[in-house]
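**Student:** To start, I am sharing the structure in question, which I have written as structure tokens.
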Amino acid sequence: MQLSRSARVALRVAAGLGFAIIYVPLALVLVNSFNPDRSASWPPTGLTFHWWSVASANEGARAALWVSVKAGLGATVIALVLGTLIAFAVARHRFFGRDAISFVVVLPIALPGIVTGIALNSAFSTVLEPLGVGLGMFTVIVGHATFCIVVVFNNVVARLRRTSGTYEEAAMDLGADTFRAFADVTFPLVRSALLAGGLLAFALSFDEIVVTTFTAGPGIETLPIWIFDNMTRPRQAPVVNVVAAVLVLLSVIPIYAAQRLSADTAAESRI
């Protein structure tokens, strides 16, 4: 389809405006993290690393970072195990309710976070509290895993659908058992998809705040919650800007790596 010159110009302008709306605020946060003024006046009167040193010494921010890392790793492990098992079941087998299972797995990421948070809080209070398990790190990890499973499932099932099941059958015909066929044949084929899904799952968990608010117990504070709580505190704006900049940078790394892995996987499948 050939577009007219005016249409191409309009599309470029619209794309530029869209990217500006998304990325200019992020750039402002990054610049303000170097602003020497505590009130974040604009334009900055200079640049300084003072607030970065202050933020690095902030025990609350460091503790919240470690909580986010632990929650992200736990949710990623659960998502990798369950998402991979469901992907193999859906892609390699035919059974009644297969489409319904695919829909149920994908649904949590489409639901509003506040709905998921309320539902999980109610379920934990009803089922776990009578057993003596209150809200805490475990419930945060489970809550994050509910939507992290989706990205692992989508990556793995897409890879399996582009890979013939005859490879595993040939390995088993040659004497390999199920686990040997998976280790020697299937796993190398889906390894990049697993890694990409795991990176995206960790990034989703690391940034999550809505579901965490409803599933975290007393004393459990992730980095996004720490940022939200400190935004309204007087004279904390510079430190919050630094932590927010770090959060953006830490989120970009796994997303970029996952995108590169997905692109490499797609290229391999076309060879």
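Each chain in the structure tokens gets a letter, A, B and so on, in the order shown; residues start at 1 in every chain, and ligands are counted from 1 in the order they appear.
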Can you tell me which residues surround A:Leu195 at a distance of at most 12 Å, considering only C-alpha atoms, apart from same-chain residues fewer than 6 positions away, and format the answer as a PyMOL selection string?
**Tutor:** chain A and resi 76-77+79-80+84+151-153+155-156+187-189+201-202+254-255+257-262+265
**Student:** With a distance cut-off of 10 Å and only C-alpha atoms, select the neighbouring residues of stretch 146-149 of chain A, excluding the residue or stretch itself and same-chain residues fewer than 3 positions from it, and output the selection as a PDB file with C-alpha atoms, in the first residue's frame.
**Tutor:**
ATOM      1  CA  GLY A  72      10.463 -10.605  41.300  1.00  0.00           C
ATOM      2  CA  ALA A  75       7.298 -14.741  40.905  1.00  0.00           C
ATOM      3  CA  THR A  76       9.555 -15.430  37.917  1.00  0.00           C
ATOM      4  CA  VAL A  77      10.385 -18.951  39.117  1.00  0.00           C
ATOM      5  CA  ILE A  78       6.705 -19.782  39.611  1.00  0.00           C
ATOM      6  CA  ALA A  79       5.811 -18.241  36.249  1.00  0.00           C
ATOM      7  CA  LEU A  80       8.543 -20.189  34.442  1.00  0.00           C
ATOM      8  CA  VAL A  81       7.427 -23.514  35.896  1.00  0.00           C
ATOM      9  CA  LEU A  82       3.664 -23.107  35.533  1.00  0.00           C
ATOM     10  CA  GLY A  83       3.750 -21.096  32.296  1.00  0.00           C
ATOM     11  CA  THR A  84       6.013 -23.663  30.614  1.00  0.00           C
ATOM     12  CA  ILE A  86       0.707 -25.020  30.525  1.00  0.00           C
ATOM     13  CA  VAL A 105      -4.240 -18.171  31.662  1.00  0.00           C
ATOM     14  CA  VAL A 106      -4.170 -14.953  29.620  1.00  0.00           C
ATOM     15  CA  LEU A 107      -7.099 -13.285  31.423  1.00  0.00           C
ATOM     16  CA  PRO A 108      -5.247 -11.997  34.553  1.00  0.00           C
ATOM     17  CA  ILE A 109      -3.038  -9.603  32.582  1.00  0.00           C
ATOM     18  CA  ALA A 110      -6.128  -8.128  30.890  1.00  0.00           C
ATOM     19  CA  LEU A 111      -8.021  -7.532  34.148  1.00  0.00           C
ATOM     20  CA  GLY A 113      -4.927  -4.521  38.614  1.00  0.00           C
ATOM     21  CA  THR A 116      -6.990  -8.686  40.736  1.00  0.00           C
ATOM     22  CA  LEU A 120      -6.427 -11.980  45.808  1.00  0.00           C
ATOM     23  CA  ILE A 141       5.020 -13.488  45.166  1.00  0.00           C
ATOM     24  CA  VAL A 142       1.844 -15.463  44.462  1.00  0.00           C
ATOM     25  CA  GLY A 143      -0.005 -12.287  43.505  1.00  0.00           C
ATOM     26  CA  VAL A 152       6.062 -16.929  29.952  1.00  0.00           C
ATOM     27  CA  PHE A 153       3.117 -18.855  28.528  1.00  0.00           C
ATOM     28  CA  ASN A 154       2.832 -16.589  25.489  1.00  0.00           C
ATOM     29  CA  GLY A 197       9.631 -14.780  29.173  1.00  0.00           C
ATOM     30  CA  GLY A 198      11.514 -14.888  32.467  1.00  0.00           C
ATOM     31  CA  LEU A 200       9.661  -9.941  31.044  1.00  0.00           C
ATOM     32  CA  ALA A 201       8.067 -11.619  34.064  1.00  0.00           C
ATOM     33  CA  PHE A 202      10.731 -10.183  36.363  1.00  0.00           C
ATOM     34  CA  ALA A 203      10.273  -6.712  34.855  1.00  0.00           C
ATOM     35  CA  LEU A 204       6.489  -6.880  35.359  1.00  0.00           C
ATOM     36  CA  SER A 205       6.873  -7.998  38.961  1.00  0.00           C
ATOM     37  CA  VAL A 211      -1.577  -5.801  43.238  1.00  0.00           C
TER      38      VAL A 211
END
